[in-house]
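S.K.: My structure is stored as input_8.txt, with compact mmCIF, C-alpha atoms and all ligand atoms.
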# COMPACT_ATOMS: atom_id res chain seq x y z
CA MET A 29 6.92 14.33 -5.26
CA LYS A 30 8.95 11.70 -7.02
CA TYR A 31 7.39 9.41 -9.63
CA PHE A 32 8.23 5.98 -11.00
CA ASP A 33 7.10 3.73 -13.81
CA LEU A 34 4.49 1.29 -12.59
CA ALA A 35 3.25 -0.92 -15.42
CA GLY A 36 3.52 2.04 -17.79
CA TYR A 37 1.85 4.50 -15.42
CA ARG A 38 3.71 7.53 -14.06
CA ALA A 39 2.82 6.80 -10.45
CA SER A 40 3.64 8.92 -7.39
CA ARG A 41 6.06 7.23 -4.97
CA ILE A 42 3.44 7.74 -2.25
CA ALA A 43 -0.11 6.44 -2.62
CA GLN A 44 -3.18 7.53 -0.67
CA GLY A 45 -5.03 4.70 1.04
CA CYS A 46 -8.79 5.22 1.14
CA MET A 47 -9.66 2.71 3.87
CA ARG A 48 -10.42 5.44 6.42
CA ILE A 49 -12.49 7.89 4.32
CA ALA A 50 -15.93 6.46 5.10
CA SER A 51 -16.39 8.77 8.09
CA LEU A 52 -15.55 11.92 6.12
CA ASP A 53 -18.28 14.16 4.75
CA LYS A 54 -18.41 15.23 1.09
CA LYS A 55 -16.45 18.44 1.67
CA GLU A 56 -13.75 16.63 3.65
CA VAL A 57 -13.35 14.00 0.91
CA ASP A 58 -13.08 16.80 -1.64
CA THR A 59 -10.39 18.57 0.41
CA LEU A 60 -8.50 15.32 1.04
CA ILE A 61 -8.29 14.26 -2.62
CA LYS A 62 -7.48 17.78 -3.85
CA THR A 63 -4.74 18.06 -1.22
CA ASP A 64 -3.29 14.75 -2.41
CA LEU A 65 -3.30 15.94 -6.01
CA ASP A 66 -1.77 19.31 -5.06
CA CYS A 67 0.99 17.37 -3.27
CA GLY A 68 1.57 15.27 -6.38
CA ILE A 69 -0.07 12.08 -5.05
CA ASN A 70 -1.90 10.58 -8.03
CA PHE A 71 -2.38 6.96 -6.88
CA PHE A 72 -5.39 5.93 -4.72
CA ASP A 73 -5.86 2.55 -3.09
CA HIS A 74 -9.32 1.12 -2.41
CA ALA A 75 -10.95 -2.22 -1.62
CA ASP A 76 -14.52 -3.37 -2.14
CA ILE A 77 -14.84 -3.90 1.62
CA TYR A 78 -13.55 -0.54 2.88
CA GLY A 79 -16.33 1.05 4.86
CA GLY A 80 -18.67 -1.65 3.49
CA GLY A 81 -18.34 -0.01 0.03
CA GLU A 82 -18.79 3.50 1.39
CA CYS A 83 -15.17 4.51 0.67
CA GLU A 84 -15.47 3.72 -3.03
CA ARG A 85 -18.89 5.37 -3.16
CA LYS A 86 -17.60 8.62 -1.64
CA PHE A 87 -14.61 8.57 -3.99
CA GLY A 88 -17.01 8.03 -6.92
CA GLU A 89 -19.04 11.04 -5.82
CA PHE A 90 -15.85 13.12 -5.93
CA LEU A 91 -15.06 11.89 -9.46
CA LYS A 92 -18.59 12.72 -10.59
CA ASP A 93 -18.25 16.27 -9.25
CA ASN A 94 -14.74 16.69 -10.68
CA PRO A 95 -14.72 14.97 -14.09
CA SER A 96 -11.73 16.99 -15.28
CA LEU A 97 -9.56 15.43 -12.54
CA LYS A 98 -10.35 11.83 -13.56
CA ASN A 99 -7.41 11.66 -15.97
CA GLU A 100 -4.97 12.70 -13.25
CA ILE A 101 -6.00 9.87 -10.94
CA ILE A 102 -4.79 6.26 -10.91
CA ILE A 103 -7.33 4.02 -9.20
CA GLN A 104 -6.53 0.70 -7.56
CA THR A 105 -9.03 -1.53 -5.83
CA LYS A 106 -8.94 -4.94 -4.20
CA CYS A 107 -11.31 -7.86 -3.97
CA ALA A 108 -11.71 -11.30 -2.37
CA ILE A 109 -12.33 -10.62 1.33
CA THR A 110 -15.98 -11.32 1.93
CA ASN A 111 -18.23 -12.27 4.84
CA GLY A 112 -15.30 -13.35 7.03
CA TYR A 113 -13.53 -15.52 4.47
CA TYR A 114 -11.56 -15.26 1.22
CA ASP A 115 -13.04 -15.92 -2.21
CA PHE A 116 -10.94 -16.16 -5.40
CA SER A 117 -13.76 -17.74 -7.42
CA LYS A 118 -14.34 -16.34 -10.91
CA GLU A 119 -17.89 -15.43 -10.00
CA HIS A 120 -16.86 -13.51 -6.89
CA ILE A 121 -13.99 -11.62 -8.53
CA ILE A 122 -16.17 -10.46 -11.42
CA LYS A 123 -19.09 -9.54 -9.17
CA SER A 124 -16.79 -7.62 -6.85
CA VAL A 125 -15.19 -5.62 -9.68
CA GLU A 126 -18.57 -4.76 -11.11
CA GLY A 127 -19.65 -3.49 -7.68
CA SER A 128 -16.50 -1.39 -7.39
CA LEU A 129 -17.00 0.11 -10.87
CA THR A 130 -20.57 1.06 -10.01
CA ARG A 131 -19.63 2.65 -6.68
CA LEU A 132 -16.66 4.50 -8.20
CA GLY A 133 -18.73 5.52 -11.23
CA VAL A 134 -15.99 4.53 -13.68
CA ASP A 135 -15.77 2.16 -16.66
CA CYS A 136 -12.50 0.66 -15.53
CA VAL A 137 -9.97 0.59 -12.71
CA ASP A 138 -6.24 0.85 -13.38
CA PHE A 139 -5.22 -1.88 -10.92
CA LEU A 140 -7.05 -4.78 -9.31
CA LEU A 141 -5.40 -6.71 -6.45
CA LEU A 142 -6.44 -9.95 -4.79
CA HIS A 143 -6.67 -8.80 -1.17
CA ARG A 144 -5.62 -11.88 0.84
CA PRO A 145 -4.70 -15.42 -0.27
CA ASP A 146 -7.59 -17.87 -0.62
CA THR A 147 -6.22 -21.35 0.05
CA LEU A 148 -9.16 -22.79 -1.89
CA MET A 149 -8.01 -20.91 -5.00
CA GLU A 150 -8.35 -22.55 -8.39
CA PRO A 151 -5.72 -20.62 -10.37
CA GLU A 152 -7.44 -21.46 -13.66
CA GLU A 153 -10.57 -19.68 -12.42
CA VAL A 154 -8.66 -16.60 -11.34
CA ALA A 155 -6.99 -16.54 -14.76
CA GLU A 156 -10.36 -16.74 -16.48
CA ALA A 157 -11.71 -13.89 -14.37
CA PHE A 158 -8.63 -11.71 -14.98
CA GLU A 159 -8.65 -12.42 -18.72
CA LEU A 160 -12.34 -11.58 -19.01
CA LEU A 161 -11.99 -8.35 -17.00
CA SER A 162 -8.98 -7.37 -19.09
CA THR A 163 -10.67 -8.14 -22.43
CA GLN A 164 -13.77 -6.24 -21.38
CA GLY A 165 -11.56 -3.26 -20.49
CA LYS A 166 -12.79 -3.22 -16.90
CA VAL A 167 -9.34 -3.71 -15.35
CA LYS A 168 -6.09 -2.46 -16.90
CA CYS A 169 -3.48 -4.14 -14.66
CA PHE A 170 -3.37 -6.76 -11.92
CA GLY A 171 -1.62 -7.50 -8.67
CA VAL A 172 -1.91 -9.28 -5.34
CA SER A 173 -1.70 -8.43 -1.67
CA ASN A 174 -0.24 -10.36 1.27
CA GLN A 175 1.05 -13.15 -0.98
CA ASN A 176 4.30 -15.09 -0.77
CA PRO A 177 6.48 -15.95 -3.79
CA MET A 178 5.10 -19.47 -4.28
CA GLN A 179 1.53 -18.20 -4.27
CA ILE A 180 2.43 -15.55 -6.83
CA GLN A 181 4.29 -18.06 -9.01
CA LEU A 182 1.39 -20.48 -8.89
CA LEU A 183 -1.00 -17.79 -10.05
CA GLN A 184 1.40 -16.40 -12.63
CA LYS A 185 1.74 -19.87 -14.20
CA TYR A 186 -1.89 -19.66 -15.31
CA LEU A 187 -1.92 -15.98 -16.32
CA LYS A 188 -0.67 -16.25 -19.90
CA ASP A 189 -0.52 -12.63 -21.05
CA ILE A 190 -1.15 -10.96 -17.71
CA LYS A 191 1.64 -9.97 -15.37
CA ILE A 192 1.39 -9.55 -11.61
CA HIS A 193 2.71 -6.01 -11.14
CA ILE A 194 2.09 -5.36 -7.43
CA ASN A 195 2.27 -7.11 -4.07
CA GLN A 196 0.81 -5.05 -1.20
CA LEU A 197 2.43 -6.11 2.08
CA GLN A 198 2.48 -4.95 5.68
CA PHE A 199 5.78 -3.15 6.16
CA SER A 200 6.73 -0.31 8.48
CA ILE A 201 9.75 0.50 10.61
CA THR A 202 8.12 -1.50 13.43
CA ASN A 203 6.95 -4.36 11.14
CA THR A 204 10.18 -5.35 9.43
CA GLY A 205 9.55 -9.05 8.78
CA ILE A 206 10.27 -8.81 5.06
CA ILE A 207 13.81 -7.46 5.59
CA ASP A 208 14.93 -9.05 8.87
CA SER A 209 15.84 -12.49 7.53
CA GLY A 210 17.87 -11.05 4.67
CA LEU A 211 19.92 -9.05 7.16
CA ASN A 212 20.57 -12.08 9.35
CA VAL A 213 21.43 -14.82 6.85
CA ASN A 214 23.54 -17.62 8.30
CA THR A 215 23.13 -16.57 11.93
CA GLU A 216 21.47 -18.24 14.90
CA LYS A 217 19.30 -15.21 15.57
CA ALA A 218 15.51 -15.55 15.56
CA GLU A 219 15.36 -12.83 12.90
CA ALA A 220 17.17 -15.18 10.47
CA ILE A 221 13.97 -17.20 10.21
CA ASP A 222 12.11 -16.22 7.09
CA ARG A 223 8.33 -16.27 7.32
CA ASP A 224 7.45 -14.88 3.92
CA GLY A 225 9.44 -16.96 1.40
CA TYR A 226 11.98 -14.21 0.71
CA VAL A 227 9.19 -12.11 -0.72
CA LEU A 228 11.31 -8.95 -0.89
CA ASP A 229 13.96 -10.51 -3.13
CA PHE A 230 11.36 -12.36 -5.18
CA CYS A 231 9.46 -9.14 -5.91
CA ARG A 232 12.64 -7.33 -6.87
CA LEU A 233 13.74 -10.18 -9.13
CA ASN A 234 10.38 -10.20 -10.88
CA ASP A 235 9.79 -6.44 -11.13
CA ILE A 236 6.85 -6.57 -8.74
CA THR A 237 6.29 -3.32 -6.86
CA ILE A 238 5.88 -3.70 -3.12
CA GLN A 239 3.26 -1.39 -1.62
CA PRO A 240 3.78 -1.19 2.16
CA TRP A 241 0.41 -0.91 3.89
CA SER A 242 -0.11 0.61 7.36
CA PRO A 243 3.29 2.33 7.14
CA LEU A 244 2.82 4.17 10.44
CA GLN A 245 1.14 1.42 12.47
CA HIS A 246 2.69 -1.03 14.92
CA GLY A 247 1.40 -4.59 15.26
CA PHE A 248 -1.74 -5.46 13.36
CA PHE A 249 -3.65 -2.16 13.48
CA GLY A 250 -2.09 -1.51 16.91
CA GLY A 251 -2.19 2.26 16.44
CA THR A 252 0.57 4.56 15.28
CA PHE A 253 4.08 4.23 16.71
CA ILE A 254 4.59 7.97 16.19
CA GLY A 255 4.74 9.60 19.63
CA ASN A 256 4.01 6.23 21.24
CA PRO A 257 5.96 5.87 24.54
CA ASP A 258 6.46 2.13 23.84
CA TYR A 259 8.71 3.21 20.95
CA SER A 260 10.65 5.98 22.68
CA SER A 261 14.08 5.19 21.16
CA LEU A 262 12.59 5.02 17.69
CA ASN A 263 10.75 8.32 18.18
CA LYS A 264 13.90 9.98 19.51
CA LYS A 265 15.82 8.91 16.41
CA LEU A 266 12.97 9.85 14.05
CA ASN A 267 12.87 13.32 15.62
CA GLU A 268 16.65 13.69 15.50
CA ILE A 269 16.95 12.74 11.81
CA GLY A 270 13.75 14.61 10.91
CA GLU A 271 15.11 17.77 12.54
CA LYS A 272 18.22 17.58 10.40
CA TYR A 273 16.08 17.62 7.25
CA GLY A 274 13.42 20.01 8.61
CA ILE A 275 10.66 17.39 8.56
CA THR A 276 8.54 15.67 11.23
CA ALA A 277 8.95 12.20 12.70
CA THR A 278 5.91 11.07 10.68
CA SER A 279 7.47 12.19 7.44
CA THR A 280 10.81 10.62 8.42
CA ALA A 281 9.15 7.23 9.01
CA ILE A 282 7.74 7.29 5.47
CA LEU A 283 11.07 8.47 4.11
CA TRP A 284 12.63 5.38 5.69
CA LEU A 285 10.39 3.20 3.49
CA LEU A 286 11.06 5.28 0.40
CA ARG A 287 14.83 5.00 0.93
CA HIS A 288 14.81 1.23 0.43
CA SER A 289 16.30 0.40 -2.96
CA ALA A 290 13.32 -1.77 -3.94
CA CYS A 291 11.44 1.41 -4.99
CA MET A 292 8.44 0.63 -2.83
CA GLN A 293 5.25 2.68 -2.94
CA PRO A 294 3.97 3.24 0.64
CA ILE A 295 0.19 3.53 1.01
CA ILE A 296 -0.47 6.20 3.61
CA GLY A 297 -3.78 6.06 5.44
CA THR A 298 -3.96 9.44 7.13
CA VAL A 299 -6.95 11.63 6.30
CA ASN A 300 -5.32 14.64 7.95
CA THR A 301 -4.37 17.08 5.19
CA GLU A 302 -1.56 18.70 7.19
CA ARG A 303 0.05 15.28 7.64
CA ILE A 304 -0.31 14.56 3.91
CA LYS A 305 1.45 17.84 3.05
CA ASP A 306 4.16 17.11 5.59
CA ILE A 307 4.75 13.54 4.33
CA SER A 308 4.84 14.72 0.72
CA ARG A 309 7.39 17.42 1.49
CA GLY A 310 9.66 14.81 3.05
CA ALA A 311 9.34 12.44 0.10
CA ASN A 312 11.82 14.46 -1.93
CA ILE A 313 14.68 14.03 0.54
CA ASP A 314 17.36 11.35 0.26
CA MET A 315 18.14 9.79 3.64
CA SER A 316 21.68 8.44 4.02
CA ARG A 317 22.43 4.73 4.31
CA GLN A 318 23.82 5.30 7.82
CA GLU A 319 20.64 7.09 8.95
CA TRP A 320 18.53 4.29 7.51
CA TYR A 321 20.39 1.68 9.57
CA GLU A 322 20.36 3.86 12.69
CA LEU A 323 16.58 4.02 12.46
CA TYR A 324 16.31 0.25 11.96
CA LYS A 325 18.44 -0.33 15.06
CA SER A 326 16.53 2.23 17.13
CA THR A 327 13.59 -0.22 17.26
CA GLY A 328 15.79 -2.64 19.21
CA LYS A 329 16.84 -4.72 16.19
CA THR A 330 20.53 -5.63 16.00
CA LEU A 331 22.80 -6.42 13.08
CA PRO A 332 24.98 -9.55 13.18
N1 LIG A 401 -3.65 -5.00 1.74
C1 LIG A 401 -4.03 -5.01 3.00
O1 LIG A 401 -4.24 -6.08 3.60
C2 LIG A 401 -4.23 -3.71 3.71
C3 LIG A 401 -4.47 -3.69 5.09
C4 LIG A 401 -4.63 -2.47 5.72
C5 LIG A 401 -4.54 -1.28 4.99
N2 LIG A 401 -4.33 -1.32 3.64
C6 LIG A 401 -4.20 -0.06 2.85
O2 LIG A 401 -3.18 0.71 3.45
C7 LIG A 401 -3.66 2.01 3.71
C8 LIG A 401 -2.97 2.59 4.90
O3 LIG A 401 -3.30 1.84 6.08
P1 LIG A 401 -3.42 2.59 7.48
O4 LIG A 401 -4.47 3.61 7.42
O5 LIG A 401 -3.49 1.55 8.53
O6 LIG A 401 -1.98 3.32 7.45
P2 LIG A 401 -1.17 4.31 8.35
O7 LIG A 401 -0.80 5.45 7.50
O8 LIG A 401 -0.09 3.52 8.98
O9 LIG A 401 -2.12 4.75 9.52
C9 LIG A 401 -3.03 5.81 9.42
C10 LIG A 401 -3.64 6.04 10.77
O10 LIG A 401 -2.61 6.49 11.65
C11 LIG A 401 -2.95 7.78 12.15
N3 LIG A 401 -1.74 8.59 12.18
C12 LIG A 401 -0.82 8.72 11.23
N4 LIG A 401 0.17 9.55 11.62
C13 LIG A 401 -0.15 9.95 12.85
C14 LIG A 401 0.51 10.78 13.79
N5 LIG A 401 1.65 11.41 13.52
N6 LIG A 401 -0.08 10.95 15.00
C15 LIG A 401 -1.25 10.35 15.27
N7 LIG A 401 -1.92 9.54 14.40
C16 LIG A 401 -1.36 9.34 13.21
C17 LIG A 401 -3.94 8.35 11.15
O11 LIG A 401 -4.75 9.31 11.79
P3 LIG A 401 -5.13 10.67 11.00
O12 LIG A 401 -6.01 10.28 9.88
O13 LIG A 401 -5.80 11.49 12.04
O14 LIG A 401 -3.83 11.25 10.55
C18 LIG A 401 -4.71 7.12 10.73
O15 LIG A 401 -5.70 6.78 11.68
C19 LIG A 401 -5.16 1.84 3.86
O16 LIG A 401 -5.87 3.05 3.61
C20 LIG A 401 -5.45 0.80 2.83
O17 LIG A 401 -5.58 1.43 1.57
C21 LIG A 401 -4.16 -2.51 3.01
Before we go any further, please render this structure as structure tokens.
M.R.:
Amino acid sequence: MKYFDLAGYRASRIAQGCMRIASLDKKEVDTLIKTDLDCGINFFDHADIYGGGECERKFGEFLKDNPSLKNEIIIQTKCAITNGYYDFSKEHIIKSVEGSLTRLGVDCVDFLLLHRPDTLMEPEEVAEAFELLSTQGKVKCFGVSNQNPMQIQLLQKYLKDIKIHINQLQFSITNTGIIDSGLNVNTEKAEAIDRDGYVLDFCRLNDITIQPWSPLQHGFFGGTFIGNPDYSSLNKKLNEIGEKYGITATSTAILWLLRHSACMQPIIGTVNTERIKDISRGANIDMSRQEWYELYKSTGKTLP
């Protein structure tokens, strides 16, 4: 596993998403987290809403049973999606974090992200909430998710001594919105239209780590593209390049994200330990620039 500096933490390049652990029993959760740690994955992504709180609770149970492993684990959680809407109010943010701390059984989380933009946001209120949580030692570092550059800048304006370190975005080889426009500048192609305010370049310019979520899914939770007949050219190319390196198509698709020079941290959601081992093995390989572009084009995308 490769590591990078994330706000002073030595974080694994791959993070484990915990959105799908609610259905696992205690032993399965134990095996999953220990497999991650054995593979060098030390970063775990949660949200207050995952499994209605059950994901954080099960993770907390693991931490209680394995106190010696607590120091090896970096915990991130998210807040602000609630009852079918988004809530960036000070009251909600604080209440949500306190709920997460209770379920996880910890005094603080390493990272807190705002899950989805709330257009009714009062940035002053968010700043007050973040400052209080930081002063109280309940949250070490902060970030956002699914936000464009203007939204981040607006928030950052009010966060005096707090930096936004992370932006979690949907990005996979079949969801390439954040790179398409940059590849098609000054062309008449539909891909030249930017929908996200040049979020990739903005994050790089401002040292904000992009965490691609759903790295193996197509559409919006459309299922995995791995082995999916609708993506036969992509799968053929993933298999061909994977074979060269002795890794699977799944691992190759994650490697494609890792190869981007923005030093992104993909959040994998699999709860299958064999897949985790396979993906981690592949994370140490360096894919060539040519292979990276061949994979991009195998989805049907063209370069100008
Ligand atoms: N910020 C946001 O708005 C947001 C939104 C969604 C998710 N997230 C975060 O991102 C994490 C990852 O999301 P995700 O779970 O959608 O990611 P994912 O890794 O793209 O998808 C995982 C799902 O794909 C299946 N899968 C993976 N490889 C497979 C293969 N080779 N063959 C068949 N099935 C395969 C997994 O099944 P198995 O478990 O059986 O392998 C699992 O159901 C979440 O846990 C969460 O932490 C954030």
S.K.: For ligand LIG 401 (chain A), which residue out of A:Asn312, A:Thr202, A:Asn174, A:Asn212 is the nearest one, using all atoms listed in the file?
M.R.: A:Asn174
S.K.: Residues of chain A that have any atom at most 7 Å from an atom of ligand LIG 401 (chain A): could you tabulate them with the shortest-distance atom pair and the distance in Å to one decimal, using only C-alpha atoms and all ligand atoms, ordered by chain and increasing number, as a tab-separated table?
M.R.:
residue	atom	partner	partner_atom	distance
A:Gln44	CA	A:LIG401	O16	6.8
A:Gly45	CA	A:LIG401	O16	3.2
A:Cys46	CA	A:LIG401	O16	4.4
A:Met47	CA	A:LIG401	O16	3.8
A:Arg48	CA	A:LIG401	O16	5.9
A:Asp73	CA	A:LIG401	O17	4.8
A:His74	CA	A:LIG401	O17	5.5
A:His143	CA	A:LIG401	N1	5.7
A:Arg144	CA	A:LIG401	O1	6.6
A:Ser173	CA	A:LIG401	N1	5.2
A:Asn174	CA	A:LIG401	O1	6.3
A:Gln196	CA	A:LIG401	N1	5.3
A:Leu197	CA	A:LIG401	N1	6.2
A:Trp241	CA	A:LIG401	O2	4.0
A:Ser242	CA	A:LIG401	O6	3.3
A:Pro243	CA	A:LIG401	O8	4.0
A:Leu244	CA	A:LIG401	O8	3.3
A:Gln245	CA	A:LIG401	O8	4.3
A:Phe249	CA	A:LIG401	O5	6.2
A:Gly251	CA	A:LIG401	O10	6.4
A:Thr252	CA	A:LIG401	O10	5.2
A:Ile254	CA	A:LIG401	N5	5.3
A:Gly255	CA	A:LIG401	N6	6.8
A:Thr278	CA	A:LIG401	N5	5.1
A:Ile295	CA	A:LIG401	C7	4.9
A:Ile296	CA	A:LIG401	O7	4.0
A:Gly297	CA	A:LIG401	O4	3.2
A:Thr298	CA	A:LIG401	O12	3.5
A:Val299	CA	A:LIG401	O12	3.9
A:Asn300	CA	A:LIG401	O14	4.5
A:Arg303	CA	A:LIG401	O14	6.3
S.K.: I'd like the interatomic distance between atom CA of A:Ile69 and atom CA of A:Ala43, to a tenth of an Å.
M.R.: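 Answer for the atom CA of A:Ile69 to atom CA of A:Ala43 separation: 6.1 Å.
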S.K.: Figure out the distance between atom CA of A:Phe248 and atom CA of A:Thr147, please, to one decimal in Å.
M.R.: 21.2 Å
S.K.: Distance atom CA of A:Leu266-atom CA of A:Ile201, one decimal place?
M.R.: 10.5 Å
S.K.: Can you tell me, as JSON, the centre and edge lengths (Å, one decimal) of the axis-aligned box enclosing all of stretch 86-90 of chain A's listed atoms after padding each side by 4 Å?
M.R.:
{"center_x": -16.8, "center_y": 10.6, "center_z": -4.3, "size_x": 12.4, "size_y": 13.1, "size_z": 13.3}
S.K.: For A:Tyr321, work out the shell of residues within 12 Å, counting all atoms listed in the file and skipping chain neighbours fewer than 5 positions away, then give it as a list in words.
M.R.: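 Surrounding residues, per the criterion: Ile201, Ile207, Leu211, Leu262, Lys265, Leu266, Ile269, Trp284, Leu285, Arg287, His288, Met315, Ser316, Ser326, Thr327, Gly328, Lys329, Thr330 and Leu331 of chain A.
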S.K.: A:Tyr273, A:Leu132, A:Ala35, A:Asp64: which is nearest A:Ile190, counting all atoms listed in the file?
M.R.: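 Using all atoms listed in the file, the shortest distance to A:Ile190 belongs to A:Ala35.
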S.K.: Got a moment to write stretch 183-201 of chain A out with N, CA and C atoms, as a CSV table (one decimal), in the first residue's frame?
M.R.:
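Final output, saved to out-v1.csv:
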chain,number,residue,atom,x,y,z
A,183,LEU,N,-17.5,28.9,1.7
A,183,LEU,CA,-17.4,28.4,3.0
A,183,LEU,C,-16.0,28.8,3.6
A,184,GLN,N,-15.0,28.6,2.8
A,184,GLN,CA,-13.6,28.8,3.3
A,184,GLN,C,-13.5,30.3,3.7
A,185,LYS,N,-14.2,31.2,3.1
A,185,LYS,CA,-14.1,32.6,3.5
A,185,LYS,C,-14.4,32.8,4.9
A,186,TYR,N,-15.3,32.0,5.5
A,186,TYR,CA,-15.8,32.2,6.9
A,186,TYR,C,-15.0,31.3,7.9
A,187,LEU,N,-14.2,30.4,7.3
A,187,LEU,CA,-13.5,29.5,8.2
A,187,LEU,C,-12.1,30.1,8.4
A,188,LYS,N,-11.9,30.8,9.5
A,188,LYS,CA,-10.7,31.6,9.7
A,188,LYS,C,-9.4,30.7,9.8
A,189,ASP,N,-9.4,29.9,10.8
A,189,ASP,CA,-8.2,29.0,11.0
A,189,ASP,C,-8.4,27.6,10.6
A,190,ILE,N,-9.5,27.3,9.9
A,190,ILE,CA,-9.8,25.9,9.5
A,190,ILE,C,-9.7,25.8,8.0
A,191,LYS,N,-9.0,24.8,7.6
A,191,LYS,CA,-8.9,24.6,6.1
A,191,LYS,C,-9.8,23.4,5.7
A,192,ILE,N,-10.3,23.6,4.5
A,192,ILE,CA,-11.1,22.4,3.9
A,192,ILE,C,-10.0,21.6,3.2
A,193,HIS,N,-9.9,20.3,3.7
A,193,HIS,CA,-8.8,19.4,3.2
A,193,HIS,C,-9.3,18.4,2.2
A,194,ILE,N,-10.6,18.2,2.2
A,194,ILE,CA,-11.1,17.0,1.3
A,194,ILE,C,-12.4,17.5,0.6
A,195,ASN,N,-12.5,17.0,-0.7
A,195,ASN,CA,-13.8,17.1,-1.4
A,195,ASN,C,-14.1,15.7,-1.9
A,196,GLN,N,-15.1,15.0,-1.4
A,196,GLN,CA,-15.5,13.7,-1.8
A,196,GLN,C,-16.4,13.8,-3.0
A,197,LEU,N,-16.0,13.2,-4.2
A,197,LEU,CA,-16.8,13.4,-5.4
A,197,LEU,C,-17.0,12.1,-6.1
A,198,GLN,N,-18.1,12.0,-6.9
A,198,GLN,CA,-18.3,10.8,-7.6
A,198,GLN,C,-17.4,10.8,-8.8
A,199,PHE,N,-16.6,9.8,-8.9
A,199,PHE,CA,-15.6,9.7,-10.0
A,199,PHE,C,-15.2,8.2,-10.2
A,200,SER,N,-15.4,7.7,-11.4
A,200,SER,CA,-15.0,6.4,-11.7
A,200,SER,C,-14.7,6.4,-13.2
A,201,ILE,N,-14.2,5.3,-13.7
A,201,ILE,CA,-13.9,5.3,-15.2
A,201,ILE,C,-15.1,5.4,-16.1
